[in-house]
Amino acid sequence: MPSVAREIRERVFVRERKWRPEFDGWDELGHATHLLAFDGGQAVGTCRFYTDPDHADSQPGRYVIARLAVLPDERGRRIGSALLSEAERRIALAGGTLAAVHAEDDRYAFYERRGYQLTDDIYEGGRHGWLIKRLL
């Protein structure tokens, strides 16, 4: 994972959202594709994607898009939407047919506006859930 992606995620997920642990095996070299968004040469957002090993048999072609983060001062400029679109484009090019995101309930609307649908796979009283989108 690029160090600037780590720095963005540290700021957004650890300091702002208080998530621990933030980093996992998917961040190791070769396990996921990491994207970065830049503005004026500065990295301002990131996300990663990978094939979904938990649904390989039941939903072949399913990929997970995860850890979408945009620096606080850069939000509202459609950077997150651009990262999500680029991840979907690359997944489709790789033969993927379904994108899945795991999100907290205060982020559901962001994904729903972009064509994702909340699944029945929700927990913690609906506070967390999986949303999916068919890719054409």
# chains A, B, ... in the order shown; residues from 1 in each chain; ligands from 1
>>> select_by_dssp(residues="region 23-133 of chain A", states="helix (DSSP H, G or I)", output="JSON, numbers by chain")
{"A": [25, 26, 27, 53, 54, 55, 72, 73, 74, 79, 80, 81, 82, 83, 84, 85, 86, 87, 88, 89, 90, 91, 92, 93, 105, 106, 107, 108, 109, 110, 111, 112]}
>>> residues_around(residues="Val4 (chain A)", least_positions_apart="4", cutoff="9 Å", atoms="only C-alpha atoms", output="list in words")
Ile8, Arg9, Leu36, Ala43, Val44 and Thr46 of chain A
>>> write_last_selection(atoms="all heavy atoms", output="compact mmCIF listing (two decimals), in the first residue's frame")
# COMPACT_ATOMS: atom_id res chain seq x y z
N ILE A 8 -3.62 8.87 4.64
CA ILE A 8 -5.02 9.31 4.50
C ILE A 8 -5.92 8.46 5.37
O ILE A 8 -6.77 8.97 6.10
CB ILE A 8 -5.45 9.29 3.03
CG1 ILE A 8 -4.71 10.35 2.22
CG2 ILE A 8 -6.97 9.47 2.90
CD1 ILE A 8 -4.86 10.23 0.72
N ARG A 9 -5.75 7.15 5.30
CA ARG A 9 -6.60 6.26 6.10
C ARG A 9 -6.37 6.44 7.59
O ARG A 9 -7.31 6.38 8.38
CB ARG A 9 -6.38 4.81 5.66
CG ARG A 9 -7.04 4.56 4.31
CD ARG A 9 -6.78 3.20 3.75
NE ARG A 9 -6.87 2.14 4.73
CZ ARG A 9 -6.44 0.90 4.50
NH1 ARG A 9 -5.91 0.59 3.32
NH2 ARG A 9 -6.55 -0.02 5.41
N LEU A 36 -5.47 6.01 -5.64
CA LEU A 36 -5.27 7.32 -5.02
C LEU A 36 -5.87 8.40 -5.92
O LEU A 36 -5.79 8.30 -7.14
CB LEU A 36 -3.78 7.62 -4.84
CG LEU A 36 -3.07 6.84 -3.73
CD1 LEU A 36 -1.57 6.97 -3.89
CD2 LEU A 36 -3.52 7.36 -2.37
N ALA A 43 -1.99 13.88 -2.70
CA ALA A 43 -2.98 12.81 -2.54
C ALA A 43 -4.07 13.29 -1.59
O ALA A 43 -3.78 13.79 -0.50
CB ALA A 43 -2.32 11.55 -2.01
N VAL A 44 -5.33 13.16 -2.01
CA VAL A 44 -6.45 13.65 -1.21
C VAL A 44 -7.49 12.57 -0.90
O VAL A 44 -8.39 12.79 -0.09
CB VAL A 44 -7.14 14.86 -1.89
CG1 VAL A 44 -6.18 16.04 -1.97
CG2 VAL A 44 -7.67 14.50 -3.27
N THR A 46 -8.37 7.94 -1.21
CA THR A 46 -7.90 6.59 -1.52
C THR A 46 -9.03 5.59 -1.35
O THR A 46 -10.04 5.85 -0.69
CB THR A 46 -6.71 6.20 -0.60
OG1 THR A 46 -6.17 4.96 -1.03
CG2 THR A 46 -7.13 6.10 0.86
>>> closest_atom_pairs(of="region 58-135 of chain A", to="region 20-27 of chain A", cutoff="12 Å", atoms="only C-alpha atoms", output="Markdown table")
| residue | atom | partner | partner_atom | distance |
| --- | --- | --- | --- | --- |
| A:Val64 | CA | A:Trp26 | CA | 10.8 |
| A:Ile65 | CA | A:Trp26 | CA | 11.3 |
| A:Ala66 | CA | A:Trp26 | CA | 9.8 |
| A:Arg67 | CA | A:Glu22 | CA | 8.9 |
| A:Ala69 | CA | A:Glu22 | CA | 12.0 |
>>> closest_residue(among="A:Gly30, A:Glu7, A:Leu131, A:Ser58", to="Ala109 (chain A)", atoms="only C-alpha atoms")
A:Leu131
>>> select_by_dssp(residues="region 19-129 of chain A", states="strand (DSSP E or B)", output="PyMOL selection string")
chain A and resi 33-39+42-51+62-70+98-104+117-123+128-129
>>> residues_around(residues="region 94-99 of chain A", least_positions_apart="6", cutoff="7 Å", atoms="only C-alpha atoms", output="list in words")
Gly61, Arg62, Tyr63, Val64, Ile65, Glu88, Ile132, Lys133, Arg134, Leu135 and Leu136 of chain A
>>> write_last_selection(atoms="all heavy atoms", output="CSV table (one decimal), in the first residue's frame")
chain,number,residue,atom,x,y,z
A,61,GLY,N,-17.4,-13.3,-9.5
A,61,GLY,CA,-17.3,-12.0,-10.1
A,61,GLY,C,-17.6,-10.9,-9.1
A,61,GLY,O,-17.6,-9.7,-9.5
A,62,ARG,N,-17.8,-11.2,-7.8
A,62,ARG,CA,-18.0,-10.2,-6.8
A,62,ARG,C,-16.7,-9.7,-6.3
A,62,ARG,O,-15.8,-10.5,-5.9
A,62,ARG,CB,-18.8,-10.8,-5.6
A,62,ARG,CG,-19.1,-9.8,-4.5
A,62,ARG,CD,-20.0,-10.4,-3.5
A,62,ARG,NE,-19.9,-9.7,-2.2
A,62,ARG,CZ,-20.9,-9.6,-1.3
A,62,ARG,NH1,-22.1,-10.1,-1.6
A,62,ARG,NH2,-20.7,-9.0,-0.2
A,63,TYR,N,-16.6,-8.4,-6.2
A,63,TYR,CA,-15.4,-7.7,-5.7
A,63,TYR,C,-15.8,-6.8,-4.5
A,63,TYR,O,-17.0,-6.4,-4.5
A,63,TYR,CB,-14.8,-6.8,-6.7
A,63,TYR,CG,-13.9,-7.4,-7.7
A,63,TYR,CD1,-14.4,-8.3,-8.7
A,63,TYR,CD2,-12.5,-7.2,-7.7
A,63,TYR,CE1,-13.5,-8.9,-9.6
A,63,TYR,CE2,-11.7,-7.8,-8.7
A,63,TYR,CZ,-12.2,-8.6,-9.6
A,63,TYR,OH,-11.4,-9.2,-10.5
A,64,VAL,N,-14.9,-6.6,-3.6
A,64,VAL,CA,-15.1,-5.7,-2.5
A,64,VAL,C,-14.4,-4.4,-2.8
A,64,VAL,O,-13.2,-4.4,-3.1
A,64,VAL,CB,-14.6,-6.3,-1.2
A,64,VAL,CG1,-14.7,-5.3,0.0
A,64,VAL,CG2,-15.4,-7.6,-0.8
A,65,ILE,N,-15.1,-3.3,-2.6
A,65,ILE,CA,-14.4,-2.0,-2.6
A,65,ILE,C,-14.4,-1.5,-1.2
A,65,ILE,O,-15.5,-1.5,-0.5
A,65,ILE,CB,-15.2,-1.0,-3.5
A,65,ILE,CG1,-15.3,-1.5,-4.9
A,65,ILE,CG2,-14.5,0.4,-3.4
A,65,ILE,CD1,-16.1,-0.6,-5.9
A,88,GLU,N,-14.9,0.7,-9.8
A,88,GLU,CA,-15.9,-0.1,-10.6
A,88,GLU,C,-15.5,-0.3,-12.0
A,88,GLU,O,-15.6,-1.4,-12.5
A,88,GLU,CB,-17.3,0.7,-10.6
A,88,GLU,CG,-17.9,0.8,-9.2
A,88,GLU,CD,-19.1,1.7,-9.2
A,88,GLU,OE1,-19.4,2.4,-10.2
A,88,GLU,OE2,-19.7,1.8,-8.1
A,132,ILE,N,-24.6,-3.6,-2.4
A,132,ILE,CA,-24.0,-4.2,-3.6
A,132,ILE,C,-24.6,-3.4,-4.8
A,132,ILE,O,-25.6,-2.7,-4.8
A,132,ILE,CB,-24.4,-5.7,-3.8
A,132,ILE,CG1,-25.9,-5.9,-3.7
A,132,ILE,CG2,-23.7,-6.5,-2.7
A,132,ILE,CD1,-26.3,-7.3,-4.1
A,133,LYS,N,-23.8,-3.5,-5.9
A,133,LYS,CA,-24.2,-2.9,-7.2
A,133,LYS,C,-23.7,-3.8,-8.3
A,133,LYS,O,-22.6,-4.3,-8.4
A,133,LYS,CB,-23.5,-1.6,-7.3
A,133,LYS,CG,-23.8,-0.9,-8.6
A,133,LYS,CD,-23.0,0.5,-8.7
A,133,LYS,CE,-23.3,1.2,-10.0
A,133,LYS,NZ,-22.5,2.5,-10.0
A,134,ARG,N,-24.7,-4.1,-9.2
A,134,ARG,CA,-24.3,-4.9,-10.4
A,134,ARG,C,-23.6,-4.0,-11.4
A,134,ARG,O,-23.9,-2.8,-11.6
A,134,ARG,CB,-25.6,-5.4,-11.1
A,134,ARG,CG,-26.3,-6.5,-10.4
A,134,ARG,CD,-26.3,-7.8,-11.1
A,134,ARG,NE,-26.7,-8.8,-10.2
A,134,ARG,CZ,-25.9,-9.8,-9.8
A,134,ARG,NH1,-24.7,-9.8,-10.1
A,134,ARG,NH2,-26.4,-10.7,-9.0
A,135,LEU,N,-22.5,-4.5,-11.9
A,135,LEU,CA,-21.7,-3.8,-12.9
A,135,LEU,C,-22.1,-4.2,-14.3
A,135,LEU,O,-22.2,-5.4,-14.5
A,135,LEU,CB,-20.2,-4.0,-12.6
A,135,LEU,CG,-19.8,-3.6,-11.2
A,135,LEU,CD1,-18.3,-3.9,-11.0
A,135,LEU,CD2,-20.0,-2.1,-10.9
A,136,LEU,N,-22.2,-3.3,-15.2
A,136,LEU,CA,-22.6,-3.7,-16.6
A,136,LEU,C,-21.4,-3.9,-17.5
A,136,LEU,O,-20.3,-3.4,-17.3
A,136,LEU,CB,-23.5,-2.6,-17.2
A,136,LEU,CG,-24.7,-2.3,-16.3
A,136,LEU,CD1,-25.5,-1.1,-17.0
A,136,LEU,CD2,-25.6,-3.5,-16.3
>>> atom_distance(atom1="CA of Asp54 (chain A)", atom2="CA of Gly129 (chain A)")
15.2 Å
>>> closest_residue(among="A:Leu83, A:Val12, A:Ala32, A:Ala100", to="Gly115 (chain A)", atoms="only C-alpha atoms")
A:Ala100
>>> closest_residue(among="A:Leu93, A:Ala5, A:Val101, A:Val14", to="Cys47 (chain A)", atoms="only C-alpha atoms")
A:Ala5
>>> closest_residue(among="A:Arg48, A:Arg15, A:Arg89, A:Arg77", to="His34 (chain A)", atoms="only C-alpha atoms")
A:Arg48
>>> atom_distance(atom1="CA of Gly45 (chain A)", atom2="CA of Ser85 (chain A)")
13.2 Å
>>> atom_distance(atom1="CA of Phe49 (chain A)", atom2="CA of Arg113 (chain A)")
19.7 Å
>>> closest_residue(among="A:Ala37, A:Ile79, A:Ile91, A:Leu68", to="Ala103 (chain A)", atoms="only C-alpha atoms")
A:Leu68
>>> closest_residue(among="A:Leu35, A:Glu10, A:Lys18, A:Asp120", to="Ala82 (chain A)", atoms="only C-alpha atoms")
A:Leu35
>>> residues_around(residues="Asp105 (chain A)", least_positions_apart="4", cutoff="8 Å", atoms="only C-alpha atoms", output="VMD selection string")
chain A and resid 126 to 129
